[in-house]
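J.: Contents of start07.cif (mmCIF, C-alpha atoms):
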```cif
data_structure
loop_
_atom_site.group_PDB
_atom_site.id
_atom_site.type_symbol
_atom_site.label_atom_id
_atom_site.label_comp_id
_atom_site.auth_asym_id
_atom_site.auth_seq_id
_atom_site.Cartn_x
_atom_site.Cartn_y
_atom_site.Cartn_z
ATOM 1 C CA MET A 296 14.655 -42.017 6.654
ATOM 2 C CA ASP A 297 17.043 -41.310 3.883
ATOM 3 C CA TYR A 298 15.494 -41.434 0.439
ATOM 4 C CA ALA A 299 18.336 -39.548 -1.175
ATOM 5 C CA ARG A 300 18.666 -42.407 -3.624
ATOM 6 C CA SER A 301 14.983 -42.294 -4.482
ATOM 7 C CA ASP A 302 15.846 -41.314 -8.038
ATOM 8 C CA THR A 303 16.539 -45.039 -8.133
ATOM 9 C CA LEU A 304 13.164 -46.707 -8.126
ATOM 10 C CA ALA A 305 12.139 -50.302 -8.424
ATOM 11 C CA ILE A 306 8.485 -51.070 -9.022
ATOM 12 C CA LYS A 307 6.929 -54.444 -8.502
ATOM 13 C CA ILE A 308 4.040 -55.877 -10.465
ATOM 14 C CA LEU A 309 2.673 -59.342 -9.775
ATOM 15 C CA ILE A 310 1.440 -61.735 -12.419
ATOM 16 C CA ALA A 311 -0.949 -64.124 -10.727
ATOM 17 C CA GLY A 312 -3.280 -66.880 -11.833
ATOM 18 C CA GLY A 313 -3.609 -70.607 -11.872
ATOM 19 C CA PHE A 314 -0.893 -73.103 -12.618
ATOM 20 C CA GLY A 315 0.023 -73.236 -16.298
ATOM 21 C CA VAL A 316 -2.062 -70.228 -17.315
ATOM 22 C CA GLY A 317 0.875 -68.510 -19.019
ATOM 23 C CA LYS A 318 2.403 -66.336 -16.291
ATOM 24 C CA THR A 319 5.992 -67.030 -17.302
ATOM 25 C CA THR A 320 5.060 -66.552 -20.956
ATOM 26 C CA MET A 321 3.639 -63.166 -20.101
ATOM 27 C CA VAL A 322 6.763 -62.152 -18.188
ATOM 28 C CA SER A 323 8.975 -63.321 -21.096
ATOM 29 C CA ALA A 324 6.994 -61.303 -23.606
ATOM 30 C CA VAL A 325 8.112 -57.965 -22.161
ATOM 31 C CA SER A 326 11.156 -58.730 -20.028
ATOM 32 C CA GLU A 327 14.575 -57.560 -21.206
ATOM 33 C CA ILE A 328 16.115 -60.528 -19.454
ATOM 34 C CA GLN A 329 15.206 -64.168 -19.768
ATOM 35 C CA PRO A 330 12.771 -64.692 -16.920
ATOM 36 C CA LEU A 331 15.045 -65.520 -14.094
ATOM 37 C CA SER A 332 14.149 -68.027 -11.574
ATOM 38 C CA THR A 333 15.364 -67.160 -8.164
ATOM 39 C CA GLU A 334 14.858 -70.039 -5.836
ATOM 40 C CA GLU A 335 13.300 -69.382 -2.510
ATOM 41 C CA LEU A 336 14.555 -71.923 -0.082
ATOM 42 C CA LEU A 337 11.826 -72.976 2.261
ATOM 43 C CA SER A 338 12.315 -74.646 5.544
ATOM 44 C CA ASP A 339 9.737 -75.332 8.221
ATOM 45 C CA ARG A 340 7.216 -72.770 6.968
ATOM 46 C CA GLY A 341 6.587 -74.685 3.787
ATOM 47 C CA ALA A 342 6.856 -78.083 5.308
ATOM 48 C CA ARG A 343 3.130 -78.669 5.525
ATOM 49 C CA VAL A 344 2.910 -82.179 4.238
ATOM 50 C CA ASP A 345 -0.288 -82.372 2.275
ATOM 51 C CA ASP A 346 -1.294 -84.084 -0.896
ATOM 52 C CA THR A 347 2.216 -84.965 -1.928
ATOM 53 C CA SER A 348 1.675 -88.616 -1.108
ATOM 54 C CA GLY A 349 4.316 -90.706 -2.725
ATOM 55 C CA VAL A 350 6.730 -87.798 -2.699
ATOM 56 C CA GLU A 351 9.488 -88.157 -0.217
ATOM 57 C CA ALA A 352 8.943 -85.728 2.637
ATOM 58 C CA LYS A 353 11.621 -83.086 2.717
ATOM 59 C CA THR A 354 12.452 -80.623 5.412
ATOM 60 C CA THR A 355 13.796 -78.227 2.848
ATOM 61 C CA THR A 356 12.249 -77.479 -0.454
ATOM 62 C CA THR A 357 12.738 -74.815 -3.039
ATOM 63 C CA VAL A 358 10.128 -72.877 -4.884
ATOM 64 C CA ALA A 359 11.018 -71.065 -8.040
ATOM 65 C CA LEU A 360 10.075 -67.447 -8.236
ATOM 66 C CA ASP A 361 10.077 -66.268 -11.833
ATOM 67 C CA PHE A 362 10.830 -62.683 -12.459
ATOM 68 C CA GLY A 363 11.530 -60.396 -15.363
ATOM 69 C CA ARG A 364 12.732 -56.835 -15.569
ATOM 70 C CA ILE A 365 11.951 -53.814 -17.707
ATOM 71 C CA THR A 366 14.314 -50.836 -17.512
ATOM 72 C CA LEU A 367 12.356 -47.661 -18.212
ATOM 73 C CA ARG A 368 15.407 -45.493 -17.697
ATOM 74 C CA GLU A 369 18.629 -45.740 -15.743
ATOM 75 C CA GLY A 370 17.441 -46.268 -12.188
ATOM 76 C CA LEU A 371 13.752 -46.911 -12.930
ATOM 77 C CA TRP A 372 12.845 -50.547 -13.235
ATOM 78 C CA ILE A 373 9.680 -52.568 -13.348
ATOM 79 C CA TYR A 374 9.970 -56.076 -11.960
ATOM 80 C CA LEU A 375 7.374 -58.607 -12.944
ATOM 81 C CA PHE A 376 6.954 -61.475 -10.551
ATOM 82 C CA GLY A 377 5.069 -64.580 -11.506
ATOM 83 C CA THR A 378 3.435 -65.762 -8.309
ATOM 84 C CA PRO A 379 3.829 -69.416 -7.445
ATOM 85 C CA GLY A 380 0.906 -71.286 -8.941
ATOM 86 C CA GLN A 381 0.588 -73.896 -6.262
ATOM 87 C CA ASP A 382 -1.734 -73.131 -3.425
ATOM 88 C CA ARG A 383 0.603 -74.399 -0.794
ATOM 89 C CA PHE A 384 3.020 -71.577 -1.496
ATOM 90 C CA TRP A 385 0.429 -68.938 -0.856
ATOM 91 C CA PHE A 386 2.180 -67.471 2.112
ATOM 92 C CA MET A 387 4.802 -66.225 -0.320
ATOM 93 C CA TRP A 388 2.228 -64.024 -1.982
ATOM 94 C CA ASP A 389 1.789 -61.989 1.144
ATOM 95 C CA GLU A 390 5.380 -60.984 1.172
ATOM 96 C CA LEU A 391 5.499 -60.395 -2.579
ATOM 97 C CA ALA A 392 2.323 -58.341 -2.486
ATOM 98 C CA ILE A 393 3.641 -55.828 0.028
ATOM 99 C CA GLY A 394 4.749 -52.760 -1.852
ATOM 100 C CA ALA A 395 3.507 -53.975 -5.225
ATOM 101 C CA LEU A 396 2.143 -51.320 -7.568
ATOM 102 C CA GLY A 397 -0.500 -53.796 -8.595
ATOM 103 C CA ALA A 398 -1.276 -57.204 -10.002
ATOM 104 C CA VAL A 399 -2.451 -58.819 -13.195
ATOM 105 C CA VAL A 400 -4.648 -61.871 -12.714
ATOM 106 C CA LEU A 401 -4.185 -63.983 -15.795
ATOM 107 C CA ALA A 402 -7.233 -66.106 -16.542
ATOM 108 C CA ASP A 403 -7.885 -68.967 -18.927
ATOM 109 C CA THR A 404 -11.498 -69.317 -20.039
ATOM 110 C CA ARG A 405 -11.182 -73.090 -19.995
ATOM 111 C CA ARG A 406 -10.345 -72.982 -16.305
ATOM 112 C CA LEU A 407 -11.809 -69.757 -15.042
ATOM 113 C CA GLY A 408 -12.102 -71.105 -11.534
ATOM 114 C CA ASP A 409 -8.319 -71.154 -11.227
ATOM 115 C CA ALA A 410 -8.373 -67.356 -11.212
ATOM 116 C CA PHE A 411 -10.713 -67.121 -8.228
ATOM 117 C CA PRO A 412 -8.137 -67.408 -5.451
ATOM 118 C CA ALA A 413 -6.000 -64.648 -6.960
ATOM 119 C CA VAL A 414 -8.967 -62.299 -7.463
ATOM 120 C CA ASP A 415 -10.017 -62.957 -3.906
ATOM 121 C CA PHE A 416 -6.522 -62.366 -2.555
ATOM 122 C CA PHE A 417 -6.110 -58.948 -4.175
ATOM 123 C CA GLU A 418 -9.677 -57.877 -3.374
ATOM 124 C CA GLN A 419 -9.163 -58.632 0.294
ATOM 125 C CA ARG A 420 -5.867 -56.790 0.472
ATOM 126 C CA ARG A 421 -7.105 -53.837 -1.562
ATOM 127 C CA ILE A 422 -4.213 -54.172 -3.962
ATOM 128 C CA PRO A 423 -4.943 -52.665 -7.382
ATOM 129 C CA TYR A 424 -5.448 -55.505 -9.826
ATOM 130 C CA MET A 425 -6.933 -56.277 -13.189
ATOM 131 C CA VAL A 426 -7.953 -59.414 -15.026
ATOM 132 C CA ALA A 427 -6.321 -60.310 -18.341
ATOM 133 C CA VAL A 428 -8.016 -63.145 -20.176
ATOM 134 C CA ASN A 429 -5.372 -65.073 -22.047
ATOM 135 C CA LEU A 430 -6.700 -66.057 -25.449
ATOM 136 C CA PHE A 431 -4.932 -69.234 -26.358
ATOM 137 C CA ASP A 432 -5.178 -70.552 -29.869
ATOM 138 C CA GLY A 433 -8.532 -72.155 -30.179
ATOM 139 C CA ALA A 434 -9.778 -70.717 -26.939
ATOM 140 C CA ARG A 435 -13.419 -69.848 -27.273
ATOM 141 C CA ARG A 436 -14.156 -66.156 -27.186
ATOM 142 C CA HIS A 437 -16.248 -65.328 -24.183
ATOM 143 C CA ASP A 438 -18.360 -62.335 -23.461
ATOM 144 C CA PRO A 439 -16.297 -60.206 -21.026
ATOM 145 C CA ALA A 440 -19.432 -59.456 -19.035
ATOM 146 C CA VAL A 441 -19.971 -63.168 -18.508
ATOM 147 C CA ILE A 442 -16.381 -63.649 -17.321
ATOM 148 C CA ARG A 443 -16.678 -60.659 -15.015
ATOM 149 C CA ARG A 444 -19.807 -62.103 -13.461
ATOM 150 C CA ALA A 445 -18.326 -65.560 -13.204
ATOM 151 C CA LEU A 446 -15.262 -64.225 -11.366
ATOM 152 C CA ALA A 447 -17.291 -61.727 -9.320
ATOM 153 C CA VAL A 448 -14.957 -58.944 -10.413
ATOM 154 C CA PRO A 449 -16.294 -55.460 -9.531
ATOM 155 C CA GLY A 450 -17.129 -53.065 -12.350
ATOM 156 C CA HIS A 451 -14.249 -50.655 -11.745
ATOM 157 C CA VAL A 452 -11.627 -53.413 -12.151
ATOM 158 C CA PRO A 453 -10.322 -53.584 -15.735
ATOM 159 C CA LEU A 454 -10.945 -56.876 -17.526
ATOM 160 C CA VAL A 455 -9.315 -57.204 -20.932
ATOM 161 C CA PRO A 456 -8.458 -59.941 -23.410
ATOM 162 C CA CYS A 457 -4.774 -60.473 -24.123
ATOM 163 C CA ASP A 458 -2.271 -62.722 -25.811
ATOM 164 C CA ALA A 459 0.392 -63.468 -23.222
ATOM 165 C CA ARG A 460 2.882 -64.306 -25.990
ATOM 166 C CA GLU A 461 2.615 -60.924 -27.669
ATOM 167 C CA ARG A 462 4.778 -58.101 -26.428
ATOM 168 C CA GLU A 463 2.390 -55.361 -27.611
ATOM 169 C CA SER A 464 -0.563 -57.098 -26.010
ATOM 170 C CA VAL A 465 1.263 -57.475 -22.678
ATOM 171 C CA LYS A 466 2.441 -53.851 -22.845
ATOM 172 C CA GLU A 467 -1.189 -52.812 -23.244
ATOM 173 C CA VAL A 468 -2.112 -54.902 -20.197
ATOM 174 C CA LEU A 469 0.610 -53.259 -18.106
ATOM 175 C CA LEU A 470 -0.451 -49.785 -19.248
ATOM 176 C CA THR A 471 -4.009 -50.620 -18.222
ATOM 177 C CA LEU A 472 -2.832 -51.798 -14.814
ATOM 178 C CA VAL A 473 -0.671 -48.734 -14.125
ATOM 179 C CA ARG A 474 -3.514 -46.406 -15.158
ATOM 180 C CA HIS A 475 -5.865 -48.304 -12.880
ATOM 181 C CA ALA A 476 -3.400 -48.185 -9.965
ATOM 182 C CA ARG A 477 -2.993 -44.445 -10.475
ATOM 183 C CA GLU A 478 -6.766 -44.036 -10.463
ATOM 184 C CA MET A 479 -7.024 -46.046 -7.242
ATOM 185 C CA SER A 480 -4.342 -43.949 -5.584
ATOM 186 C CA ARG A 481 -6.208 -40.784 -6.584
ATOM 187 C CA VAL A 482 -9.433 -41.892 -4.962
ATOM 188 C CA GLY A 483 -7.434 -42.959 -1.932
ATOM 189 C CA ALA A 484 -8.479 -46.573 -2.113
ATOM 190 C CA MET B 195 44.632 -78.593 -3.695
ATOM 191 C CA ALA B 196 43.712 -80.073 -7.025
ATOM 192 C CA ALA B 197 40.282 -78.784 -7.892
ATOM 193 C CA ASP B 198 39.316 -81.929 -9.679
ATOM 194 C CA GLU B 199 39.798 -83.949 -6.534
ATOM 195 C CA ASP B 200 37.449 -81.672 -4.651
ATOM 196 C CA PRO B 201 34.129 -81.739 -6.449
ATOM 197 C CA GLU B 202 31.709 -78.897 -5.812
ATOM 198 C CA PRO B 203 29.526 -79.606 -2.825
ATOM 199 C CA GLY B 204 25.806 -79.884 -3.511
ATOM 200 C CA PRO B 205 23.876 -76.642 -3.629
ATOM 201 C CA LEU B 206 22.304 -77.086 -0.216
ATOM 202 C CA VAL B 207 25.635 -77.758 1.429
ATOM 203 C CA ARG B 208 27.095 -74.740 -0.258
ATOM 204 C CA MET B 209 24.243 -72.464 0.847
ATOM 205 C CA PHE B 210 24.491 -73.678 4.373
ATOM 206 C CA ALA B 211 28.171 -72.827 4.320
ATOM 207 C CA VAL B 212 27.601 -69.397 2.819
ATOM 208 C CA THR B 213 25.411 -68.205 5.686
ATOM 209 C CA GLY B 214 26.938 -70.304 8.418
ATOM 210 C CA GLY B 215 23.668 -72.189 8.622
ATOM 211 C CA ARG B 216 21.545 -69.104 9.187
ATOM 212 C CA ALA B 217 18.195 -68.967 7.436
ATOM 213 C CA ARG B 218 16.998 -65.527 8.538
ATOM 214 C CA PRO B 219 18.432 -62.093 7.879
ATOM 215 C CA VAL B 220 19.384 -59.861 10.803
ATOM 216 C CA GLY B 221 17.566 -56.596 11.442
ATOM 217 C CA GLU B 222 14.644 -55.004 9.686
ATOM 218 C CA ALA B 223 13.086 -57.049 6.864
ATOM 219 C CA PHE B 224 13.554 -55.828 3.335
ATOM 220 C CA ASP B 225 11.790 -56.358 0.058
ATOM 221 C CA VAL B 226 12.848 -58.580 -2.820
ATOM 222 C CA ILE B 227 13.188 -55.425 -4.928
ATOM 223 C CA ALA B 228 14.707 -53.201 -2.247
ATOM 224 C CA VAL B 229 17.628 -51.334 -3.804
ATOM 225 C CA VAL B 230 21.031 -52.189 -2.397
ATOM 226 C CA THR B 231 23.891 -49.733 -2.690
ATOM 227 C CA THR B 232 27.451 -50.264 -1.530
ATOM 228 C CA ILE B 233 28.415 -47.350 0.686
ATOM 229 C CA GLY B 234 31.749 -48.579 1.995
ATOM 230 C CA MET B 235 34.397 -51.196 1.511
ATOM 231 C CA PRO B 236 35.720 -53.136 4.481
ATOM 232 C CA TYR B 237 39.148 -52.274 5.939
ATOM 233 C CA ASP B 238 39.546 -55.890 6.815
ATOM 234 C CA GLN B 239 38.004 -58.517 4.572
ATOM 235 C CA ALA B 240 38.740 -61.335 6.969
ATOM 236 C CA GLY B 241 35.214 -61.633 8.316
ATOM 237 C CA LEU B 242 33.615 -61.614 4.896
ATOM 238 C CA SER B 243 32.973 -64.532 2.583
ATOM 239 C CA PRO B 244 33.640 -64.421 -1.159
ATOM 240 C CA GLU B 245 29.870 -64.101 -1.581
ATOM 241 C CA HIS B 246 29.776 -61.033 0.701
ATOM 242 C CA LEU B 247 32.533 -59.450 -1.366
ATOM 243 C CA ALA B 248 30.832 -60.377 -4.623
ATOM 244 C CA ALA B 249 27.607 -58.726 -3.398
ATOM 245 C CA LEU B 250 29.547 -55.571 -2.481
ATOM 246 C CA ARG B 251 31.036 -55.433 -5.965
ATOM 247 C CA VAL B 252 27.665 -55.912 -7.676
ATOM 248 C CA ALA B 253 26.034 -53.215 -5.532
ATOM 249 C CA THR B 254 28.587 -50.518 -6.353
ATOM 250 C CA ARG B 255 25.834 -49.657 -8.819
ATOM 251 C CA PRO B 256 22.457 -49.620 -7.041
ATOM 252 C CA THR B 257 20.987 -53.083 -7.610
ATOM 253 C CA THR B 258 17.868 -54.842 -6.359
ATOM 254 C CA VAL B 259 17.985 -57.784 -3.976
ATOM 255 C CA ALA B 260 16.470 -60.031 -6.665
ATOM 256 C CA ASP B 261 19.163 -59.093 -9.190
ATOM 257 C CA ILE B 262 21.964 -59.590 -6.674
ATOM 258 C CA GLY B 263 20.610 -63.056 -5.895
ATOM 259 C CA THR B 264 20.593 -63.871 -9.572
ATOM 260 C CA ARG B 265 24.108 -62.547 -10.159
ATOM 261 C CA LEU B 266 25.413 -64.551 -7.214
ATOM 262 C CA ARG B 267 23.331 -67.581 -8.198
ATOM 263 C CA LEU B 268 21.952 -67.838 -4.715
ATOM 264 C CA PRO B 269 18.382 -68.273 -3.448
ATOM 265 C CA LEU B 270 16.664 -65.159 -2.232
ATOM 266 C CA ASN B 271 16.684 -65.882 1.447
ATOM 267 C CA ILE B 272 20.370 -66.755 1.422
ATOM 268 C CA THR B 273 21.016 -63.517 -0.468
ATOM 269 C CA ARG B 274 19.028 -61.662 2.157
ATOM 270 C CA VAL B 275 21.088 -63.098 4.987
ATOM 271 C CA LEU B 276 24.305 -61.968 3.280
ATOM 272 C CA LEU B 277 22.952 -58.501 2.546
ATOM 273 C CA SER B 278 21.725 -58.112 6.109
ATOM 274 C CA ASP B 279 25.264 -58.885 7.295
ATOM 275 C CA LEU B 280 26.634 -56.184 5.031
ATOM 276 C CA ARG B 281 24.045 -53.707 6.263
ATOM 277 C CA ARG B 282 24.910 -54.453 9.880
ATOM 278 C CA GLU B 283 28.541 -53.742 9.042
ATOM 279 C CA GLY B 284 27.522 -50.436 7.478
ATOM 280 C CA LEU B 285 28.797 -51.449 4.062
ATOM 281 C CA VAL B 286 25.514 -51.257 2.146
ATOM 282 C CA SER B 287 22.305 -49.292 2.338
ATOM 283 C CA ILE B 288 19.044 -51.070 1.547
ATOM 284 C CA ASP B 289 16.251 -48.776 0.404
ATOM 285 C CA PRO B 290 12.616 -49.885 0.265
ATOM 286 C CA PRO B 291 10.894 -49.981 -3.126
ATOM 287 C CA ALA B 292 8.902 -46.991 -4.307
ATOM 288 C CA ALA B 293 5.466 -48.205 -3.268
ATOM 289 C CA THR B 294 6.506 -49.207 0.248
ATOM 290 C CA ALA B 295 8.331 -45.952 0.764
ATOM 291 C CA GLY B 296 5.162 -44.083 -0.147
ATOM 292 C CA VAL B 297 6.831 -42.276 -3.013
ATOM 293 C CA LEU B 298 4.578 -43.620 -5.768
ATOM 294 C CA ASN B 299 3.220 -40.230 -6.694
ATOM 295 C CA GLU B 300 1.544 -38.826 -9.752
ATOM 296 C CA ARG B 301 4.862 -37.948 -11.364
ATOM 297 C CA ILE B 302 6.163 -41.503 -11.052
ATOM 298 C CA TYR B 303 2.945 -43.038 -12.382
ATOM 299 C CA GLN B 304 3.244 -40.730 -15.378
ATOM 300 C CA GLU B 305 6.894 -41.599 -15.868
ATOM 301 C CA VAL B 306 6.083 -45.313 -15.762
ATOM 302 C CA LEU B 307 3.260 -44.886 -18.280
ATOM 303 C CA ASN B 308 5.459 -42.871 -20.622
ATOM 304 C CA GLY B 309 8.275 -45.388 -20.265
ATOM 305 C CA LEU B 310 5.997 -48.333 -21.029
ATOM 306 C CA ARG B 311 4.550 -46.622 -24.089
ATOM 307 C CA ALA B 312 8.048 -45.935 -25.398
ATOM 308 C CA LEU B 313 9.162 -49.565 -25.129
#
```
Would you mind writing the file out in structure tokens?

T.:
Amino acid sequence: MDYARSDTLAIKILIAGGFGVGKTTMVSAVSEIQPLSTEELLSDRGARVDDTSGVEAKTTTTVALDFGRITLREGLWIYLFGTPGQDRFWFMWDELAIGALGAVVLADTRRLGDAFPAVDFFEQRRIPYMVAVNLFDGARRHDPAVIRRALAVPGHVPLVPCDARERESVKEVLLTLVRHAREMSRVGA
Amino acid sequence: MAADEDPEPGPLVRMFAVTGGRARPVGEAFDVIAVVTTIGMPYDQAGLSPEHLAALRVATRPTTVADIGTRLRLPLNITRVLLSDLRREGLVSIDPPAATAGVLNERIYQEVLNGLRAL
């Protein structure tokens, strides 16, 4: 294989979590571009007709894939992908997850359960991940240990509070994730 | 032809036309952030669509699949079909992202950490 151009590197980080938890907000906070929505056109694969009663059945549908970009230097980019929040687009995660440096599971204490599927997904695939608890205005502060137990997140997985609107806060989350991913790669996990 | 008498076709029609109705790329699959680099220009542009040519122009600087899709205002899988055509013709190279290529080493982790801190 020819990796002569490997001084050009693109790194992928996933931002996962339930619908409406602030994934796009988080991407916007650090992206140098407006989060772009690249539509993935789905045909038969996504055509499972489920609870969309009342919605006209379509053979083709589109699902928006939000992404942002951070240029660290010429030829070294981080791409942040907000995973689709709806369960029926889960198969897209598999493809997105391949080759990802790691993932941030964004959790909302008011709906902690929404973070379960994402935690489970990354645990099963042994993809380095962390949990960032988005502290909305007025959100009750929870004991991190309680959240960790509630989500069944193992002790070595970072779990930190964050404000998805704040650039510095999101930067700190990403630094935590990259450090964790490096640690995981060292222990050969 | 007067442009105003020929309204733009709907997006789905247009996409269908762009790929000749094909939904899947040819050859080996590639990542949404695989880096595309133009390595040749066609002698004969007859077989290429305006979108193919636009992709070739964008990728004269190494560019990811996701960014090309955005620049061309096309969905990802349509973009992939076009890029796979160009690869088959030997006009672009498509390199896997760092993690897939197994090149995420200590040096790169450190560079990413330093870069993030400096933002």

J.: Report the residues retrieved by the PyMOL selection byres ((chain A and resi 426) around 10) from the displayed file, expressed as a list in words.

T.: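 Written out, the selection comes to Ala311, Gly312, Ala398, Val399, Val400, Leu401, Ala402, Ala410, Ala413, Val414, Tyr424, Met425, Ala427, Val428, Asn429, Ile442, Arg443, Leu446, Val448, Val452, Pro453, Leu454, Val455, Pro456, Cys457, Val468 and Leu472 of chain A.
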
J.: Give me the result of the PyMOL selection byres ((chain B and resi 216) around 12) on this file, residue by residue, as a list in words.

T.: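 Residues picked by the PyMOL selection byres ((chain B and resi 216) around 12): Leu336 and Ser338 of chain A; Met209, Phe210, Ala211, Val212, Thr213, Gly214, Gly215, Ala217, Arg218, Pro219, Val220, Asn271, Ile272, Thr273, Arg274, Val275, Leu276, Ser278 and Asp279 of chain B.
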
J.: Once the PyMOL selection byres ((chain A and resi 362) around 6) has been evaluated on this model, what residues remain selected, and can you format them as a JSON list (two decimals) with C-alpha atoms, keeping the file's coordinate frame?

T.:
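Below is the file expr39.json, written as the result:
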```json
[["chain", "number", "residue", "atom", "x", "y", "z"],
["A", 330, "PRO", "CA", 12.77, -64.69, -16.92],
["A", 331, "LEU", "CA", 15.04, -65.52, -14.09],
["A", 361, "ASP", "CA", 10.08, -66.27, -11.83],
["A", 363, "GLY", "CA", 11.53, -60.40, -15.36],
["A", 375, "LEU", "CA", 7.37, -58.61, -12.94],
["A", 376, "PHE", "CA", 6.95, -61.48, -10.55]]
```

J.: Each residue of stretch 356-439 of chain A lying at most 12 Å from stretch 229-237 of chain B should get a row with its shortest atom-to-atom pair and the distance in Å to one decimal, counting all atoms listed in the file; could you produce that, ordered by chain and increasing number, as CSV?

T.:
```
residue,atom,partner,partner_atom,distance
A:Gly370,CA,B:Val229,CA,9.8
A:Leu371,CA,B:Val229,CA,10.9
A:Trp372,CA,B:Val229,CA,10.6
```

J.: For A:Leu367, which residue among A:Asp403, A:Asp409, A:Glu327, A:Glu418 is the nearest when counting only C-alpha atoms?

T.: A:Glu327

J.: Got a sec to pull out which chain B residues are within 10 Å of chain A, counting all atoms listed in the file, and send them as a compact mmCIF listing (two decimals) with C-alpha atoms, in the coordinates of the input?

T.:
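Saved file selection_26.txt follows:
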```txt
# COMPACT_ATOMS: atom_id res chain seq x y z
CA LEU B 206 22.30 -77.09 -0.22
CA MET B 209 24.24 -72.46 0.85
CA ALA B 217 18.20 -68.97 7.44
CA PHE B 224 13.55 -55.83 3.34
CA ASP B 225 11.79 -56.36 0.06
CA VAL B 226 12.85 -58.58 -2.82
CA ILE B 227 13.19 -55.42 -4.93
CA ALA B 228 14.71 -53.20 -2.25
CA VAL B 229 17.63 -51.33 -3.80
CA THR B 231 23.89 -49.73 -2.69
CA ARG B 255 25.83 -49.66 -8.82
CA PRO B 256 22.46 -49.62 -7.04
CA THR B 257 20.99 -53.08 -7.61
CA THR B 258 17.87 -54.84 -6.36
CA ALA B 260 16.47 -60.03 -6.66
CA ASP B 261 19.16 -59.09 -9.19
CA GLY B 263 20.61 -63.06 -5.90
CA THR B 264 20.59 -63.87 -9.57
CA ARG B 267 23.33 -67.58 -8.20
CA LEU B 268 21.95 -67.84 -4.72
CA PRO B 269 18.38 -68.27 -3.45
CA LEU B 270 16.66 -65.16 -2.23
CA ASN B 271 16.68 -65.88 1.45
CA ILE B 272 20.37 -66.76 1.42
CA THR B 273 21.02 -63.52 -0.47
CA SER B 287 22.30 -49.29 2.34
CA ASP B 289 16.25 -48.78 0.40
CA PRO B 290 12.62 -49.88 0.26
CA PRO B 291 10.89 -49.98 -3.13
CA ALA B 292 8.90 -46.99 -4.31
CA ALA B 293 5.47 -48.20 -3.27
CA THR B 294 6.51 -49.21 0.25
CA ALA B 295 8.33 -45.95 0.76
CA GLY B 296 5.16 -44.08 -0.15
CA VAL B 297 6.83 -42.28 -3.01
CA LEU B 298 4.58 -43.62 -5.77
CA ASN B 299 3.22 -40.23 -6.69
CA GLU B 300 1.54 -38.83 -9.75
CA ILE B 302 6.16 -41.50 -11.05
CA TYR B 303 2.94 -43.04 -12.38
CA GLN B 304 3.24 -40.73 -15.38
CA GLU B 305 6.89 -41.60 -15.87
CA VAL B 306 6.08 -45.31 -15.76
CA LEU B 307 3.26 -44.89 -18.28
CA ASN B 308 5.46 -42.87 -20.62
CA GLY B 309 8.28 -45.39 -20.26
CA LEU B 310 6.00 -48.33 -21.03
CA ARG B 311 4.55 -46.62 -24.09
CA ALA B 312 8.05 -45.94 -25.40
CA LEU B 313 9.16 -49.56 -25.13
```
